[in-house]
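What follows is the content of target27.cif, which has mmCIF, C-alpha atoms:
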data_structure
loop_
_atom_site.label_atom_id
_atom_site.label_comp_id
_atom_site.auth_asym_id
_atom_site.auth_seq_id
_atom_site.Cartn_x
_atom_site.Cartn_y
_atom_site.Cartn_z
CA MET A 1 39.37 66.88 -31.99
CA THR A 2 42.31 64.89 -30.64
CA GLU A 3 45.03 67.11 -29.21
CA GLN A 4 48.56 66.46 -30.40
CA THR A 5 50.71 65.50 -27.49
CA THR A 6 54.15 66.99 -27.16
CA PRO A 7 56.87 65.29 -25.19
CA MET A 8 57.17 66.99 -21.86
CA GLU A 9 60.26 67.34 -19.75
CA PRO A 10 59.89 66.10 -16.21
CA GLN A 11 58.79 68.49 -13.47
CA VAL A 12 61.41 69.44 -10.96
CA VAL A 13 60.32 70.87 -7.65
CA LEU A 14 62.52 73.63 -6.29
CA PRO A 15 63.82 73.27 -2.74
CA PRO A 16 62.26 75.63 -0.21
CA VAL A 17 63.70 79.10 0.15
CA PRO A 18 66.49 79.16 2.80
CA PRO A 19 64.83 79.85 6.17
CA MET A 20 65.03 83.29 7.70
CA PRO A 21 66.32 83.65 11.28
CA GLU A 22 63.84 82.79 14.01
CA ALA A 23 63.86 86.40 15.10
CA ALA A 24 62.45 87.63 11.80
CA PRO A 25 59.58 90.07 12.41
CA PRO A 26 56.05 89.15 11.27
CA VAL A 27 56.09 91.74 8.47
CA LEU A 28 59.13 93.57 7.23
CA VAL A 29 58.58 97.25 6.59
CA ALA A 30 60.39 98.62 3.60
CA GLU A 31 62.50 101.72 4.15
CA PRO A 32 60.61 104.92 3.30
CA THR A 33 60.94 105.72 -0.38
CA PRO A 34 61.79 109.31 -1.35
CA ARG A 35 59.22 111.14 -3.37
CA VAL A 36 59.88 110.92 -7.08
CA LYS A 37 58.44 113.18 -9.74
CA LYS A 38 56.04 111.41 -12.02
CA ASP A 39 58.41 111.23 -14.99
CA ARG A 40 57.47 107.84 -16.41
CA ARG A 41 60.97 107.18 -17.74
CA VAL A 42 62.53 107.78 -14.34
CA LEU A 43 59.82 105.82 -12.53
CA ARG A 44 60.16 102.80 -14.78
CA ALA A 45 63.92 102.82 -14.29
CA VAL A 46 63.54 102.95 -10.51
CA LEU A 47 61.01 100.12 -10.50
CA ARG A 48 63.09 97.89 -12.73
CA TRP A 49 66.08 98.25 -10.41
CA THR A 50 64.12 97.73 -7.18
CA ALA A 51 62.01 94.85 -8.49
CA ALA A 52 64.96 92.59 -9.24
CA THR A 53 67.16 93.04 -6.16
CA VAL A 54 66.91 89.61 -4.52
CA VAL A 55 66.27 86.12 -5.87
CA PHE A 56 64.33 83.74 -3.61
CA ALA A 57 64.31 80.66 -5.83
CA ALA A 58 67.26 78.42 -6.66
CA VAL A 59 66.94 78.10 -10.42
CA GLY A 60 68.38 74.92 -11.91
CA THR A 61 69.26 74.12 -15.48
CA ALA A 62 66.18 72.02 -16.21
CA ALA A 63 63.52 73.35 -18.57
CA ALA A 64 60.77 73.04 -16.00
CA TYR A 65 61.00 74.20 -12.39
CA GLY A 66 58.80 73.87 -9.33
CA ILE A 67 57.73 75.83 -6.28
CA THR A 68 57.59 73.98 -3.01
CA ARG A 69 54.88 74.32 -0.46
CA MET A 70 55.52 77.34 1.75
CA GLU A 71 57.09 76.19 4.98
CA ARG A 72 57.87 78.13 8.12
CA THR A 73 60.04 81.24 7.47
CA ASP A 74 60.21 80.56 3.71
CA VAL A 75 59.27 84.13 2.84
CA PRO A 76 60.82 87.14 4.60
CA GLY A 77 58.34 88.75 6.94
CA LEU A 78 56.11 85.67 7.02
CA ALA A 79 57.57 83.98 10.06
CA THR A 80 54.91 81.61 11.36
CA GLN A 81 51.56 80.16 10.41
CA ALA A 82 50.05 82.24 13.21
CA ASP A 83 50.79 85.42 11.28
CA GLY A 84 47.89 84.72 8.93
CA ARG A 85 49.51 82.86 6.05
CA TRP A 86 47.25 80.58 4.05
CA ASP A 87 47.87 76.88 3.59
CA TYR A 88 48.57 76.53 -0.12
CA PRO A 89 48.98 73.09 -1.71
CA THR A 90 52.33 72.01 -3.09
CA ILE A 91 52.85 74.08 -6.23
CA SER A 92 54.84 72.94 -9.27
CA LYS A 93 55.40 74.70 -12.53
CA PRO A 94 53.96 72.85 -15.53
CA PRO A 95 56.53 71.13 -17.76
CA LEU A 96 57.68 72.92 -20.87
CA PRO A 97 57.30 71.41 -24.34
CA SER A 98 60.47 69.56 -25.25
CA GLY A 99 63.18 71.94 -26.39
CA SER A 100 61.32 75.09 -25.33
CA PRO A 101 63.20 77.58 -23.15
CA GLY A 102 61.88 79.20 -20.00
CA PRO A 103 60.53 82.77 -20.26
CA PHE A 104 63.81 84.32 -19.05
CA ALA A 105 66.28 82.04 -20.79
CA GLU A 106 68.87 83.85 -22.89
CA ALA A 107 67.65 82.05 -25.99
CA ASN A 108 64.06 83.23 -25.40
CA THR A 109 64.38 86.74 -26.82
CA SER A 110 60.62 87.36 -26.82
CA GLY A 111 60.18 86.37 -23.16
CA SER A 112 57.44 83.90 -24.10
CA HIS A 113 55.81 81.52 -21.63
CA TYR A 114 55.63 78.28 -23.59
CA ALA A 115 53.88 76.44 -20.77
CA ASP A 116 50.08 76.49 -20.76
CA LEU A 117 49.07 79.86 -19.30
CA ARG A 118 46.08 78.28 -17.57
CA LYS A 119 48.45 76.14 -15.51
CA LEU A 120 50.47 79.17 -14.44
CA VAL A 121 47.62 80.68 -12.41
CA LEU A 122 48.16 80.20 -8.69
CA PRO A 123 45.84 77.55 -7.21
CA ALA A 124 43.52 78.40 -4.34
CA PRO A 125 44.64 77.72 -0.76
CA LYS A 126 43.15 74.83 1.17
CA GLY A 127 39.63 75.41 2.43
CA ALA A 128 38.85 78.19 -0.08
CA LYS A 129 35.67 78.30 -2.14
CA ALA A 130 36.26 78.73 -5.88
CA ASP A 131 34.76 81.66 -7.79
CA ALA A 132 32.87 80.02 -10.65
CA ALA A 133 32.61 83.31 -12.55
CA LEU A 134 36.35 83.25 -13.23
CA ARG A 135 36.57 79.72 -14.56
CA GLY A 136 35.88 80.88 -18.09
CA GLU A 137 35.25 78.54 -21.00
CA ASP A 138 37.78 75.74 -21.22
CA GLY A 139 39.88 77.74 -18.75
CA TRP A 140 40.04 80.92 -20.85
CA LEU A 141 38.36 84.06 -19.55
CA THR A 142 36.61 86.48 -21.87
CA ARG A 143 37.84 90.03 -22.22
CA LYS A 144 34.46 91.30 -21.02
CA ALA A 145 34.72 89.28 -17.80
CA PHE A 146 38.17 90.70 -17.09
CA LEU A 147 37.13 94.28 -17.79
CA ALA A 148 34.29 93.90 -15.26
CA GLU A 149 37.03 94.11 -12.60
CA TYR A 150 37.26 97.87 -13.23
CA ALA A 151 34.78 100.14 -11.53
CA GLU A 152 34.05 102.85 -14.11
CA GLU A 153 32.60 102.28 -17.57
CA THR A 154 35.02 104.80 -19.06
CA ASP A 155 37.93 102.87 -17.53
CA ARG A 156 36.58 99.61 -18.90
CA ASP A 157 36.41 101.17 -22.36
CA THR A 158 39.92 102.58 -22.07
CA VAL A 159 41.49 99.37 -20.81
CA GLY A 160 39.60 97.37 -23.43
CA GLN A 161 41.08 99.54 -26.18
CA LEU A 162 44.54 99.15 -24.66
CA LEU A 163 44.20 95.37 -24.76
CA THR A 164 43.32 95.63 -28.45
CA ASP A 165 46.15 98.04 -29.21
CA TYR A 166 48.72 95.88 -27.41
CA GLY A 167 47.55 92.67 -29.07
CA LEU A 168 46.09 90.61 -26.21
CA ARG A 169 46.26 86.88 -26.92
CA HIS A 170 44.75 85.08 -23.93
CA ILE A 171 43.38 85.64 -20.42
CA ALA A 172 43.55 82.95 -17.76
CA ALA A 173 42.07 83.58 -14.31
CA ARG A 174 41.15 82.11 -10.97
CA GLY A 175 39.27 83.43 -7.97
CA TRP A 176 38.29 82.21 -4.53
CA THR A 177 36.98 83.19 -1.12
CA ALA A 178 39.21 82.04 1.74
CA ALA A 179 37.96 80.71 5.06
CA ASP A 180 38.56 84.12 6.67
CA GLY A 181 36.30 85.81 4.09
CA THR A 182 39.07 87.34 1.97
CA ARG A 183 38.18 87.39 -1.72
CA THR A 184 40.99 86.90 -4.26
CA ARG A 185 40.98 87.37 -8.04
CA ILE A 186 44.01 86.63 -10.23
CA TYR A 187 44.19 87.42 -13.94
CA LEU A 188 47.01 86.50 -16.34
CA LEU A 189 47.05 88.42 -19.63
CA GLN A 190 49.37 87.11 -22.34
CA PHE A 191 50.80 89.19 -25.20
CA ASP A 192 53.20 88.54 -28.09
CA THR A 193 56.41 89.69 -26.44
CA ALA A 194 57.87 90.76 -23.10
CA ALA A 195 58.51 94.26 -24.46
CA VAL A 196 54.80 94.71 -25.18
CA ALA A 197 53.71 93.39 -21.78
CA GLU A 198 56.25 95.50 -19.90
CA ASP A 199 55.22 98.67 -21.69
CA LEU A 200 51.53 98.07 -21.03
CA ALA A 201 52.08 97.37 -17.34
CA SER A 202 54.56 100.14 -16.56
CA THR A 203 53.19 102.97 -18.69
CA GLN A 204 49.45 102.29 -18.97
CA LEU A 205 48.13 100.19 -16.09
CA ALA A 206 50.47 100.98 -13.21
CA ASN A 207 52.30 104.00 -11.88
CA TYR A 208 54.91 104.51 -9.19
CA ASP A 209 52.51 105.74 -6.52
CA SER A 210 49.08 104.51 -7.64
CA ALA A 211 47.21 102.31 -10.09
CA GLN A 212 46.00 104.03 -13.23
CA PHE A 213 42.48 102.57 -13.16
CA ALA A 214 40.35 101.85 -10.09
CA VAL A 215 39.09 98.32 -9.59
CA ARG A 216 35.68 97.59 -8.08
CA GLY A 217 35.12 99.01 -4.62
CA VAL A 218 38.10 101.39 -4.77
CA THR A 219 38.10 105.16 -5.09
CA GLY A 220 41.87 105.58 -4.83
CA THR A 221 45.09 103.63 -4.28
CA GLU A 222 48.55 104.35 -2.95
CA ARG A 223 51.85 102.53 -3.16
CA ASP A 224 52.10 99.69 -0.65
CA GLU A 225 55.15 100.90 1.29
CA LYS A 226 55.03 97.88 3.63
CA PHE A 227 55.42 95.23 0.94
CA PRO A 228 58.93 93.86 1.74
CA GLU A 229 61.34 94.75 -1.04
CA ARG A 230 63.54 91.80 -0.11
CA ALA A 231 60.68 89.56 -1.26
CA ALA A 232 61.23 90.60 -4.87
CA VAL A 233 61.37 87.78 -7.43
CA ASP A 234 64.09 87.94 -10.07
CA GLU A 235 62.99 89.24 -13.48
CA ILE A 236 59.49 90.16 -12.22
CA THR A 237 58.47 93.82 -12.07
CA ARG A 238 55.96 94.36 -9.26
CA PHE A 239 53.62 97.26 -8.59
CA ALA A 240 51.80 96.75 -5.28
CA TYR A 241 49.09 99.07 -3.98
CA THR A 242 46.71 99.39 -1.07
CA GLU A 243 43.43 101.27 -0.99
CA SER A 244 43.70 104.84 0.24
CA LYS A 245 41.76 105.91 3.32
CA PRO A 246 38.91 106.27 3.95
CA TYR A 247 37.85 102.76 2.95
CA GLY A 248 34.35 101.75 2.07
CA ALA A 249 32.73 98.60 3.41
CA GLU A 250 35.90 96.66 2.58
CA GLN A 251 39.55 97.35 1.93
CA VAL A 252 41.18 96.33 -1.34
CA ARG A 253 44.80 95.46 -2.10
CA GLU A 254 46.07 94.96 -5.63
CA ALA A 255 49.27 94.30 -7.56
CA TYR A 256 50.32 94.31 -11.20
CA LEU A 257 53.14 91.98 -12.23
CA SER A 258 55.10 92.16 -15.47
CA ALA A 259 56.66 88.77 -16.22
CA GLY A 260 57.94 88.12 -19.71
CA ASP A 261 55.07 88.17 -22.20
CA THR A 262 52.50 88.17 -19.39
CA VAL A 263 50.88 90.84 -17.21
CA ALA A 264 49.21 89.65 -14.00
CA LEU A 265 46.66 91.46 -11.86
CA VAL A 266 46.14 90.20 -8.29
CA VAL A 267 43.24 91.69 -6.29
CA GLN A 268 42.32 90.90 -2.69
CA SER A 269 39.50 92.42 -0.66
CA HIS A 270 38.08 91.89 2.80
CA LYS A 271 35.30 93.44 4.81
CA GLY A 272 36.86 96.03 7.09
CA LEU A 273 40.61 95.57 6.56
CA ALA A 274 42.41 93.33 4.07
CA LYS A 275 45.35 91.65 5.80
CA ALA A 276 48.82 92.30 4.40
CA VAL A 277 50.36 88.86 4.97
CA PRO A 278 48.10 86.68 2.75
CA PHE A 279 48.27 89.37 0.06
CA GLN A 280 52.07 89.36 0.11
CA GLN A 281 52.13 85.57 0.17
CA THR A 282 49.78 85.33 -2.82
CA VAL A 283 51.67 87.91 -4.89
CA ILE A 284 55.05 86.28 -4.18
CA LEU A 285 53.84 82.78 -5.09
CA GLN A 286 52.23 84.03 -8.31
CA SER A 287 55.45 85.84 -9.15
CA GLN A 288 57.45 82.64 -8.65
CA LEU A 289 55.11 80.67 -10.87
CA LEU A 290 55.63 83.19 -13.67
CA GLY A 291 59.38 83.46 -13.11
#
Please, can you express the file's structure as structure tokens?
Amino acid sequence: MTEQTTPMEPQVVLPPVPPMPEAAPPVLVAEPTPRVKKDRRVLRAVLRWTAATVVFAAVGTAAAYGITRMERTDVPGLATQADGRWDYPTISKPPLPSGSPGPFAEANTSGSHYADLRKLVLPAPKGAKADAALRGEDGWLTRKAFLAEYAEETDRDTVGQLLTDYGLRHIAARGWTAADGTRTRIYLLQFDTAAVAEDLASTQLANYDSAQFAVRGVTGTERDEKFPERAAVDEITRFAYTESKPYGAEQVREAYLSAGDTVALVVQSHKGLAKAVPFQQTVILQSQLLG
């Protein structure tokens, strides 16, 4: 079948984020967060306010934007290549169909990503080995393959029912193993509207202090207090967690992102300890691609 081509607007690559001072520390530690009772309405309100505090991309008026290759000091807390950042290729957002608004444009009341979801998954860094199991068929991952990320059968059943109830449309994914042995899996789940995706992420999958369902190799998670709050991406709600001690053979870090009509899950694991810097870098870049 011949695909109908739609005129595309040209890609525009965003300029790099203004550099941080040379004296920026390798990893910024967020100020301690006061304990909050697990009232979901209060927690969601707190997260929405803290997730959108600082914008690190200069957004133009074009319909399609780009993300430049991460240069030195581009991201707060990631001061030099020696701190463990990965070498990602130049990253550009795919062009939007002609006349289609971006996911956070005022005219886009549903928060829809009109660009191809498969092209919004972060590419692997240089030197990484791709995970063939996450390629899917024609770039789309099956629901069963995504649910295999969760450790317990009961959790897989529960999450599977949630995906049905919330009207899952597509899953796009990518995975790789970096040169240092860190394994990364990224899943993008698309729904009909931003309201649906936000509710699923903030009330069903994530919580203020821990993830609702354990992924493979994890018995418990806690809020990642060291993820720099100043690295928030406008309009993206982020829930970042690290595996609670004691770890097993490897440590796992994970993050849920709510971005318009899409929920993202980013999982990184490494034998022994999973480094914070490449995890933060990966989550921030994926957030920018969805923003």
Might you pull out every residue within 7 Å of Ala197 of chain A, with all atoms listed in the file counted and same-chain residues fewer than 3 positions away left off, and present them as a compact mmCIF listing (two decimals) with C-alpha atoms, keeping the file's coordinate frame?
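Below is the file that was written, part-v5.txt:
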# COMPACT_ATOMS: atom_id res chain seq x y z
CA PHE A 191 50.80 89.19 -25.20
CA THR A 193 56.41 89.69 -26.44
CA ALA A 194 57.87 90.76 -23.10
CA LEU A 200 51.53 98.07 -21.03
CA ALA A 201 52.08 97.37 -17.34
CA SER A 258 55.10 92.16 -15.47
CA ASP A 261 55.07 88.17 -22.20
CA THR A 262 52.50 88.17 -19.39
CA VAL A 263 50.88 90.84 -17.21
Selection dump of the PyMOL selection byres ((chain A and resi 128) around 12), as a list in words: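 Evaluating the PyMOL selection byres ((chain A and resi 128) around 12) on these coordinates yields Trp86, Asp87, Tyr88, Pro89, Pro123, Ala124, Pro125, Lys126, Gly127, Lys129, Ala130, Asp131, Arg174, Gly175, Trp176, Thr177, Ala178, Ala179, Asp180, Gly181, Thr182, Arg183 and Thr184 of chain A.
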Among the residues A:Gly217, A:Gly102, A:Gly291, A:Gly167, the one that comes closest to Lys271 of chain A [using all atoms listed in the file]: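 For Lys271 of chain A, the nearest of the candidates is A:Gly217.
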Pairwise distance for atom CA of Ala231 of chain A and atom CA of Gln286 of chain A, rounded to one decimal in Å: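 About the pair atom CA of Ala231 of chain A and atom CA of Gln286 of chain A: they are 12.3 Å apart.
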Atomic separation - atom CA of Ala133 of chain A relative to atom CA of Ala148 of chain A, Å: 11.1 Å
Residue among A:Ser112, A:Ser202, A:Gln212, A:Asn207 lying closest to Thr158 of chain A, counting all atoms listed in the file: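 Using all atoms listed in the file, the shortest distance to Thr158 of chain A belongs to A:Gln212.
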Selection in question (the file shown): the PyMOL selection byres ((chain A and resi 145) around 10). Which residues does it include, as an mmCIF file with C-alpha atoms, in the coordinates of the input?
data_model
loop_
_atom_site.group_PDB
_atom_site.id
_atom_site.type_symbol
_atom_site.label_atom_id
_atom_site.label_comp_id
_atom_site.auth_asym_id
_atom_site.auth_seq_id
_atom_site.Cartn_x
_atom_site.Cartn_y
_atom_site.Cartn_z
ATOM 1 C CA ALA A 133 32.610 83.310 -12.550
ATOM 2 C CA LEU A 134 36.350 83.250 -13.230
ATOM 3 C CA GLY A 136 35.880 80.880 -18.090
ATOM 4 C CA LEU A 141 38.360 84.060 -19.550
ATOM 5 C CA THR A 142 36.610 86.480 -21.870
ATOM 6 C CA ARG A 143 37.840 90.030 -22.220
ATOM 7 C CA LYS A 144 34.460 91.300 -21.020
ATOM 8 C CA PHE A 146 38.170 90.700 -17.090
ATOM 9 C CA LEU A 147 37.130 94.280 -17.790
ATOM 10 C CA ALA A 148 34.290 93.900 -15.260
ATOM 11 C CA GLU A 149 37.030 94.110 -12.600
ATOM 12 C CA ILE A 171 43.380 85.640 -20.420
ATOM 13 C CA ALA A 173 42.070 83.580 -14.310
#
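As for atom CA of Leu96 of chain A and atom CA of Ala132 of chain A, they are spaced 27.8 Å apart.
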Hits of the PyMOL selection byres ((chain A and resi 110) around 10) in this structure, as a list of chain:residue names: A:Pro103, A:Phe104, A:Ala105, A:Glu106, A:Ala107, A:Asn108, A:Thr109, A:Gly111, A:Ser112, A:His113, A:Asp192, A:Thr193, A:Ala194, A:Ala195, A:Val196, A:Gly260, A:Asp261
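The residue that comes closest to Leu163 of chain A, out of A:Leu122, A:Asp138, A:Val277, A:Leu205 and on the basis of only C-alpha atoms, is A:Leu205.
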Local residues around (44.6, 84.6, -21.7), at most 6 Å away, using all atoms listed in the file, as an MDAnalysis selection string: chainID A and resid 140 169:172 189:190
Would you compute, for all listed atoms of segment 112-122 of chain A, the axis-aligned bounding box grown by 6 Å on each side, and then report its centre and edge lengths in Å rounded to one decimal, as JSON?
{"center_x": 51.8, "center_y": 80.0, "center_z": -16.4, "size_x": 23.4, "size_y": 19.8, "size_z": 27.4}
Who sits within 12 Å of Gly248 of chain A, only C-alpha atoms, same chain under 6 positions skipped, as a list of chain:residue names: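 My list of contacting residues is A:Arg216, A:Gly217, A:Val218, A:Thr219, A:Gly220, A:Ser269, A:His270, A:Lys271, A:Gly272, A:Leu273, A:Ala274.
Candidate residues A:Arg238, A:Arg85, A:Arg223, A:Arg156 were compared for distance to Lys275 of chain A, and the nearest is A:Arg85, using all atoms listed in the file.
With only C-alpha atoms as the atoms that count, the residue of A:Val267, A:Phe213, A:Arg118, A:Arg230 with the shortest distance to Asp157 of chain A is A:Phe213.
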